[in-house]
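The structure file run-v2.csv is reproduced below (CSV, C-alpha atoms).
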chain,number,residue,atom,x,y,z
T,1,MET,CA,-0.9,12.0,8.9
T,2,LYS,CA,0.4,9.3,6.7
T,3,ARG,CA,1.5,10.5,3.3
T,4,SER,CA,0.6,8.6,0.1
T,5,ASP,CA,3.2,6.8,-1.8
T,6,GLU,CA,2.4,9.0,-4.8
T,7,PHE,CA,3.1,12.1,-2.8
T,8,VAL,CA,6.3,10.8,-1.5
T,9,ARG,CA,7.6,10.3,-5.1
T,10,TYR,CA,6.7,13.9,-5.9
T,11,ALA,CA,8.1,15.3,-2.7
T,12,GLU,CA,11.4,13.8,-3.6
T,13,ALA,CA,11.5,15.6,-7.0
T,14,GLY,CA,13.4,18.5,-5.5
T,15,LEU,CA,10.5,21.0,-5.5
T,16,PRO,CA,8.5,22.4,-2.6
T,17,ALA,CA,5.3,20.3,-2.8
T,18,LEU,CA,2.1,19.9,-0.8
T,19,LEU,CA,-1.2,18.0,-1.0
T,20,LEU,CA,-4.3,20.2,-0.9
T,21,SER,CA,-7.8,19.0,0.0
T,22,ALA,CA,-10.8,20.0,-2.0
T,23,ASP,CA,-11.8,22.4,0.8
T,24,GLY,CA,-8.4,24.1,0.8
T,25,HIS,CA,-6.6,22.4,3.7
T,26,VAL,CA,-3.0,21.1,3.7
T,27,LEU,CA,-3.1,17.3,3.9
T,28,SER,CA,0.7,16.8,3.7
T,29,ARG,CA,3.8,18.7,2.6
T,30,ASN,CA,7.5,18.1,2.3
T,31,GLU,CA,10.2,19.9,4.2
T,32,LEU,CA,11.0,22.2,1.3
T,33,ALA,CA,7.4,23.6,1.4
T,34,LEU,CA,7.5,24.0,5.1
T,35,SER,CA,10.8,26.0,4.9
T,36,ILE,CA,9.0,28.6,2.7
T,37,SER,CA,6.3,29.3,5.3
T,38,GLY,CA,4.8,28.0,8.5
T,39,LYS,CA,1.5,28.5,6.9
T,40,LEU,CA,2.1,25.4,4.9
T,41,ARG,CA,2.0,23.0,7.9
T,42,CYS,CA,-0.4,20.1,7.9
T,43,ARG,CA,-4.1,20.9,8.5
T,44,SER,CA,-3.5,24.6,7.7
T,45,ASN,CA,-6.3,26.4,5.9
T,46,LEU,CA,-4.9,27.9,2.7
T,47,LEU,CA,-8.1,29.5,1.4
T,48,PRO,CA,-7.1,33.0,2.6
T,49,TYR,CA,-4.0,32.8,0.4
T,50,LEU,CA,-5.6,31.3,-2.7
T,51,PRO,CA,-7.4,33.0,-5.6
T,52,GLU,CA,-11.1,33.8,-5.0
T,53,ASN,CA,-12.1,31.4,-7.8
T,54,ILE,CA,-10.0,28.5,-6.4
T,55,HIS,CA,-13.0,26.2,-6.0
T,56,THR,CA,-13.9,26.6,-9.7
T,57,VAL,CA,-10.2,26.0,-10.6
T,58,LEU,CA,-10.0,22.8,-8.6
T,59,LYS,CA,-13.3,21.5,-9.9
T,60,GLU,CA,-12.1,22.0,-13.5
T,61,CYS,CA,-8.8,20.3,-12.8
T,62,LYS,CA,-10.6,17.3,-11.3
T,63,GLU,CA,-13.3,16.9,-13.9
T,64,GLN,CA,-11.0,17.5,-16.9
T,65,CYS,CA,-7.8,15.9,-15.5
T,66,GLU,CA,-5.9,19.0,-16.4
T,67,VAL,CA,-3.3,21.2,-14.7
T,68,ALA,CA,-3.5,24.9,-13.8
T,69,ILE,CA,-1.3,27.6,-12.5
T,70,ILE,CA,-2.4,29.7,-9.6
T,71,PRO,CA,-0.8,32.4,-7.4
T,72,LEU,CA,-0.1,31.7,-3.8
T,73,LEU,CA,0.1,34.8,-1.6
T,74,LEU,CA,1.6,33.8,1.7
T,75,PRO,CA,2.4,36.5,4.3
T,76,GLN,CA,6.0,37.6,4.6
T,77,THR,CA,7.2,35.5,1.6
T,78,GLU,CA,8.0,36.3,-2.0
T,79,GLN,CA,5.2,35.8,-4.4
T,80,LEU,CA,4.8,32.1,-5.4
T,81,SER,CA,3.0,30.2,-8.1
T,82,ALA,CA,1.7,26.7,-7.8
T,83,LEU,CA,1.2,24.1,-10.5
T,84,VAL,CA,-2.0,22.4,-9.5
T,85,ILE,CA,-2.4,18.7,-10.5
T,86,PRO,CA,-5.4,16.5,-9.6
T,87,THR,CA,-4.5,13.3,-7.7
T,88,GLU,CA,-5.8,11.1,-4.8
T,89,PHE,CA,-5.0,10.8,-1.1
T,90,GLU,CA,-6.5,7.9,0.9
T,91,LYS,CA,-9.0,7.3,-1.9
T,92,GLN,CA,-10.2,10.9,-1.8
T,93,HIS,CA,-9.8,13.5,-4.6
T,94,CYS,CA,-7.2,16.1,-3.8
T,95,PHE,CA,-4.6,18.2,-5.5
T,96,LEU,CA,-0.8,18.2,-5.7
T,97,LEU,CA,0.7,21.7,-5.6
T,98,LEU,CA,4.3,22.1,-6.9
T,99,LEU,CA,5.6,25.5,-5.8
T,100,PHE,CA,7.7,27.8,-7.9
T,101,ARG,CA,9.1,31.3,-7.5
T,102,GLU,CA,6.8,33.7,-9.4
T,103,SER,CA,9.6,34.7,-11.7
T,104,ILE,CA,9.9,31.2,-13.1
T,105,LEU,CA,6.3,31.0,-14.3
T,106,ALA,CA,5.9,34.7,-15.0
T,107,ASP,CA,5.6,34.2,-18.7
T,108,LEU,CA,2.9,31.6,-18.4
T,109,PRO,CA,-0.8,32.3,-17.9
T,110,PRO,CA,-3.1,30.6,-15.3
T,111,HIS,CA,-4.1,28.1,-18.0
T,112,LEU,CA,-1.4,27.1,-20.5
T,113,SER,CA,-3.5,28.0,-23.5
T,114,THR,CA,-2.1,31.5,-23.8
T,115,ALA,CA,1.5,30.2,-23.7
T,116,VAL,CA,0.7,27.8,-26.6
T,117,ARG,CA,-1.1,30.5,-28.6
T,118,LYS,CA,1.8,33.0,-28.2
T,119,THR,CA,4.1,30.4,-29.7
T,120,PHE,CA,1.8,29.1,-32.3
T,121,TRP,CA,0.7,32.4,-33.7
T,122,LYS,CA,4.2,33.9,-33.5
T,123,ASN,CA,3.7,37.5,-34.7
T,124,GLN,CA,0.8,36.8,-36.9
T,125,HIS,CA,-2.7,38.0,-36.4
T,126,PRO,CA,-4.8,35.0,-35.1
T,127,ASP,CA,-7.5,33.6,-37.3
T,128,TYR,CA,-10.1,30.9,-37.0
T,129,ASP,CA,-7.9,28.1,-38.0
T,130,SER,CA,-5.0,29.1,-35.7
T,131,GLU,CA,-7.4,29.6,-32.8
T,132,ASN,CA,-8.7,26.0,-33.3
T,133,ALA,CA,-5.2,24.7,-33.6
T,134,ALA,CA,-4.1,26.5,-30.4
T,135,GLU,CA,-7.1,25.0,-28.6
T,136,PHE,CA,-6.1,21.5,-29.7
T,137,PHE,CA,-2.5,22.0,-28.7
T,138,THR,CA,-3.5,23.3,-25.3
T,139,HIS,CA,-5.9,20.4,-24.7
T,140,ALA,CA,-3.3,17.7,-25.5
T,141,LEU,CA,-0.5,19.6,-23.7
T,142,ARG,CA,-2.4,19.9,-20.5
T,143,LYS,CA,-3.7,16.4,-20.5
T,144,GLY,CA,-0.2,15.2,-21.3
T,145,PHE,CA,1.4,17.1,-18.5
T,146,ALA,CA,-1.2,15.7,-16.0
T,147,LEU,CA,-0.6,12.1,-17.3
T,148,ALA,CA,3.2,12.6,-17.1
T,149,LEU,CA,2.8,13.2,-13.4
T,150,THR,CA,-0.1,11.0,-12.3
T,151,ALA,CA,-0.5,8.0,-14.6
T,152,GLU,CA,0.0,4.4,-13.4
T,153,ASP,CA,2.8,2.5,-15.0
T,154,PHE,CA,1.8,0.0,-17.8
T,155,PRO,CA,3.4,-3.4,-18.1
T,156,GLN,CA,7.1,-3.3,-18.9
T,157,ILE,CA,6.8,-4.5,-22.5
T,158,PHE,CA,7.6,-1.3,-24.4
T,159,SER,CA,10.8,-0.4,-26.2
T,160,ALA,CA,12.1,2.7,-28.1
T,161,LYS,CA,10.4,1.5,-31.3
T,162,HIS,CA,7.0,1.7,-29.5
T,163,ALA,CA,7.7,5.3,-28.4
T,164,CYS,CA,8.6,6.1,-32.0
T,165,ALA,CA,5.3,4.6,-33.2
T,166,PHE,CA,3.3,6.5,-30.6
T,167,LEU,CA,4.7,9.9,-31.7
T,168,ASN,CA,4.3,9.2,-35.4
T,169,ARG,CA,0.7,8.0,-34.9
T,170,PHE,CA,-0.1,11.0,-32.7
T,171,SER,CA,1.2,13.2,-35.5
T,172,GLU,CA,-0.7,11.4,-38.2
T,173,LYS,CA,-4.0,11.2,-36.4
T,174,ALA,CA,-4.0,14.3,-34.4
T,175,LEU,CA,-2.0,16.8,-36.5
T,176,GLN,CA,-3.0,15.6,-40.0
T,177,HIS,CA,-4.7,19.0,-40.8
T,178,GLN,CA,-2.1,21.1,-38.9
T,179,LEU,CA,1.5,21.7,-39.9
T,180,PRO,CA,4.2,21.1,-38.8
T,181,GLU,CA,4.2,17.4,-38.0
T,182,ILE,CA,6.3,15.2,-35.7
T,183,ASN,CA,8.8,12.8,-37.4
T,184,ALA,CA,10.2,10.2,-35.0
T,185,LEU,CA,13.0,7.8,-35.7
T,186,CYS,CA,15.2,5.5,-33.6
T,187,THR,CA,18.6,4.1,-34.3
T,188,THR,CA,19.0,0.3,-34.8
T,189,ASP,CA,21.1,-0.1,-31.6
T,190,CYS,CA,18.2,1.0,-29.4
T,191,ILE,CA,15.1,-0.1,-31.3
T,192,ASP,CA,14.4,-3.1,-29.0
T,193,LEU,CA,15.8,-1.8,-25.8
T,194,PRO,CA,13.2,-1.5,-23.0
T,195,LEU,CA,11.7,1.9,-22.2
T,196,TYR,CA,10.3,2.0,-18.7
T,197,ASN,CA,7.6,4.4,-17.4
T,198,PHE,CA,6.2,4.4,-20.9
T,199,PRO,CA,2.9,6.3,-20.4
T,200,ARG,CA,4.6,9.0,-18.3
T,201,PHE,CA,7.6,9.3,-20.6
T,202,THR,CA,5.6,9.5,-23.8
T,203,ALA,CA,3.1,11.9,-22.3
T,204,LEU,CA,6.1,14.2,-21.3
T,205,LEU,CA,7.4,13.9,-24.9
T,206,ILE,CA,4.1,15.0,-26.3
T,207,CYS,CA,4.2,18.0,-24.0
T,208,LEU,CA,7.7,18.9,-25.2
T,209,CYS,CA,6.8,18.3,-28.8
T,210,LEU,CA,3.7,20.5,-28.6
T,211,PHE,CA,5.8,23.3,-27.3
T,212,CYS,CA,8.3,22.8,-30.1
T,213,THR,CA,6.2,22.2,-33.2
T,214,PRO,CA,4.8,25.7,-33.6
T,215,MET,CA,8.4,26.9,-33.8
T,216,CYS,CA,9.2,24.5,-36.7
T,217,ASP,CA,9.0,25.0,-40.4
T,218,LYS,CA,7.1,22.8,-42.9
T,219,ASP,CA,9.6,20.0,-42.5
T,220,GLY,CA,8.3,19.5,-38.9
T,221,LEU,CA,9.9,18.5,-35.7
T,222,LYS,CA,12.5,15.8,-35.9
T,223,VAL,CA,12.7,13.4,-32.9
T,224,LEU,CA,15.5,10.8,-32.7
T,225,PHE,CA,15.8,8.0,-30.1
T,226,PHE,CA,19.4,6.9,-29.8
T,227,LEU,CA,21.9,5.2,-27.4
T,228,GLU,CA,24.9,7.0,-26.1
T,229,GLN,CA,27.3,5.5,-23.5
T,230,GLU,CA,24.6,2.8,-22.8
T,231,GLN,CA,22.1,5.6,-21.9
T,232,MET,CA,18.8,6.0,-23.7
T,233,SER,CA,18.6,9.5,-25.2
T,234,VAL,CA,16.0,11.5,-27.2
T,235,ARG,CA,16.9,14.5,-29.4
T,236,LEU,CA,14.3,17.1,-30.5
T,237,THR,CA,15.7,19.3,-33.3
T,238,LEU,CA,14.4,22.8,-34.0
T,239,PRO,CA,15.3,24.6,-37.2
T,240,ALA,CA,17.7,27.5,-37.3
T,241,ASP,CA,15.9,30.6,-36.1
T,242,ASP,CA,17.7,33.5,-34.4
T,243,SER,CA,14.5,34.5,-32.7
T,244,LEU,CA,14.4,31.3,-30.7
T,245,GLY,CA,17.3,32.3,-28.5
T,246,ASP,CA,19.3,29.6,-26.6
T,247,ALA,CA,16.4,28.3,-24.5
T,248,PRO,CA,12.9,28.7,-26.1
T,249,LEU,CA,11.2,26.2,-23.8
T,250,PRO,CA,10.2,26.9,-20.1
T,251,LEU,CA,12.2,23.8,-18.9
T,252,SER,CA,11.4,24.7,-15.3
T,253,LEU,CA,7.9,23.2,-15.9
T,254,PHE,CA,9.4,19.9,-17.0
T,255,GLU,CA,12.2,19.5,-14.4
T,256,ALA,CA,10.1,17.7,-11.8
T,257,PRO,CA,8.6,15.0,-14.1
T,258,LEU,CA,11.9,14.5,-15.8
T,259,HIS,CA,13.6,14.0,-12.5
T,260,LEU,CA,10.9,11.5,-11.4
T,261,LEU,CA,11.5,9.5,-14.6
T,262,GLY,CA,15.3,9.6,-14.2
T,263,TYR,CA,16.0,11.9,-17.1
T,264,ARG,CA,17.9,15.2,-17.5
T,265,ALA,CA,17.5,17.8,-20.2
T,266,SER,CA,20.2,19.8,-22.0
T,267,TYR,CA,20.5,22.1,-25.0
T,268,GLN,CA,22.9,22.0,-28.0
T,269,LYS,CA,23.2,24.5,-30.7
T,270,ASP,CA,24.8,23.8,-34.1
T,271,ALA,CA,26.9,26.2,-36.1
T,272,ASP,CA,24.0,26.8,-38.5
T,273,GLY,CA,21.8,27.8,-35.6
T,274,SER,CA,19.8,24.6,-35.3
T,275,LEU,CA,18.8,24.0,-31.7
T,276,HIS,CA,18.6,20.5,-30.1
T,277,LEU,CA,16.8,19.6,-26.9
T,278,ILE,CA,18.3,16.4,-25.6
T,279,LEU,CA,16.7,14.2,-22.9
T,280,THR,CA,19.2,11.6,-21.4
T,281,CYS,CA,18.3,8.8,-19.1
T,282,GLU,CA,20.5,9.0,-16.0
T,283,LYS,CA,21.1,5.3,-15.7
T,284,ALA,CA,22.3,2.7,-18.2
T,285,VAL,CA,19.6,0.7,-19.9
T,286,PRO,CA,19.6,-3.2,-19.6
T,287,ALA,CA,20.0,-5.4,-22.6
T,288,GLY,CA,16.9,-5.9,-24.8
T,289,SER,CA,14.3,-8.2,-23.3
T,290,ILE,CA,12.8,-11.2,-25.0
T,291,ARG,CA,9.2,-10.4,-26.0
T,292,THR,CA,6.5,-12.9,-26.9
T,293,ASP,CA,3.8,-12.5,-29.5
T,294,GLU,CA,1.4,-11.9,-26.7
T,295,ASP,CA,3.6,-9.0,-25.4
T,296,ASP,CA,3.5,-7.4,-28.8
T,297,ARG,CA,-0.2,-7.7,-29.0
T,298,THR,CA,-0.6,-6.2,-25.6
T,299,ALA,CA,1.8,-3.3,-26.4
T,300,GLU,CA,-0.2,-2.6,-29.6
T,301,LEU,CA,-3.4,-2.4,-27.6
T,302,PHE,CA,-1.9,-0.1,-25.0
T,303,LEU,CA,-0.5,2.2,-27.7
T,304,GLN,CA,-4.1,2.7,-28.9
T,305,ILE,CA,-5.4,3.3,-25.4
T,306,LEU,CA,-2.7,5.9,-24.7
T,307,LEU,CA,-3.2,7.6,-28.0
T,308,SER,CA,-7.0,7.9,-27.4
T,309,HIS,CA,-6.2,9.7,-24.2
T,310,PHE,CA,-5.0,12.7,-26.3
T,311,ILE,CA,-7.2,12.6,-29.3
T,312,GLY,CA,-10.3,10.6,-28.3
T,313,THR,CA,-12.0,13.5,-26.5
Step by step, read the file and then write its structure as structure tokens.
Amino acid sequence: MKRSDEFVRYAEAGLPALLLSADGHVLSRNELALSISGKLRCRSNLLPYLPENIHTVLKECKEQCEVAIIPLLLPQTEQLSALVIPTEFEKQHCFLLLLFRESILADLPPHLSTAVRKTFWKNQHPDYDSENAAEFFTHALRKGFALALTAEDFPQIFSAKHACAFLNRFSEKALQHQLPEINALCTTDCIDLPLYNFPRFTALLICLCLFCTPMCDKDGLKVLFFLEQEQMSVRLTLPADDSLGDAPLPLSLFEAPLHLLGYRASYQKDADGSLHLILTCEKAVPAGSIRTDEDDRTAELFLQILLSHFIGT
């Protein structure tokens, strides 16, 4: 069976991956998935190894364009978890499953809401406001993750300054009644450099920001776009807090989409305890392109469309 181009891109992300039909059959899989179990060969029926409520889970993922995490109990294999992402195959709705060892996602619930709440509430007793805030964070986070993996590319008219504007507008419009906020800046040497895969990359940034902001103080999350050795980089700065440890974010969730976009992630910790999450483009960026007034108007329109994806529903 011919694989879709979209699946080929995901299959090359370095994770075991398969396409699942709405009725629970394997439409396609990469070699990494097949090496885990022969049960993952094409046309296999996976329903016996999926949760009993799998049809409800798949329906919600499709209708809400959200992701979910489910257990996958294959015989004679270690316990696995699958990140379920709605997509299409030969014009039919289906689902991309990225497979992880159970230990990698052990701290995350079937739906990401609990993970967000755990971070947002910290050790405080939840109240009505924090419950509503956690629900919003969860909604935007899950939609952002789905968009980071499945959205079509927009025209190549965006630069680092547009990504800054997007994050700041998201913070102003979506987080105006919730602290902390997101403060994005970019250095003058990269302000007009093109930023490709804009919808996917900014959606991924929203995901990372929403994981980080609950751990920030009233000064908010600082995000800096900068150029280093001709590579576009983004630095998210968390305040000094011994309770964060060296790696407060479950980066295993973000490795696949980062890889697809050509970015790698790393941590740096300052002497004062401040923690930086740095995303670095793996290839040098070209010189700034010449943009027309029409390009600027189109970019502004698409910024509004992208923003409405997170806060319009």
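For the pair CA of Asp189 in chain T and CA of Phe226 in chain T, the interatomic distance is 7.4 Å.
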Dig up all the protein and nucleic acid residues within 7 Å of (-0.7, 32.4, 0.6) in the file frame, using only C-alpha atoms, and format them as a VMD selection string. chain T and resid 46 48 to 50 72 to 75
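Atom pair CA of Val223 in chain T / CA of Pro180 in chain T has a distance of 12.9 Å (rounded to one decimal).
Picture a line from CA of Met232 in chain T to CA of Pro199 in chain T; it runs 16.2 Å.
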Which residues of range 163-281 of chain T sit at most 9 Å from range 301-310 of chain T, using only C-alpha atoms? Give each one's shortest atom pair and distance in Å (one decimal place), in chain and ascending residue order, as a Markdown table.
| residue | atom | partner | partner_atom | distance |
| --- | --- | --- | --- | --- |
| T:Ala163 | CA | T:Leu303 | CA | 8.8 |
| T:Ala165 | CA | T:Leu303 | CA | 8.3 |
| T:Phe166 | CA | T:Leu303 | CA | 6.4 |
| T:Arg169 | CA | T:Leu307 | CA | 7.9 |
| T:Phe170 | CA | T:Leu307 | CA | 6.6 |
| T:Ala174 | CA | T:Phe310 | CA | 8.3 |
| T:Pro199 | CA | T:Leu306 | CA | 7.1 |
| T:Ala203 | CA | T:Leu306 | CA | 8.7 |
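Neighbours of Lys222 in chain T closer than or equal to 6 Å, with only C-alpha atoms counted and sequence neighbours fewer than 6 positions away skipped, come out as Asn183, Leu236 and Thr237 of chain T.
Minimum atom-to-atom distance to Ile206 in chain T, evaluated using all atoms listed in the file, belongs to T:Ile311 out of T:Lys218, T:Thr187, T:Ile311, T:Gly273.
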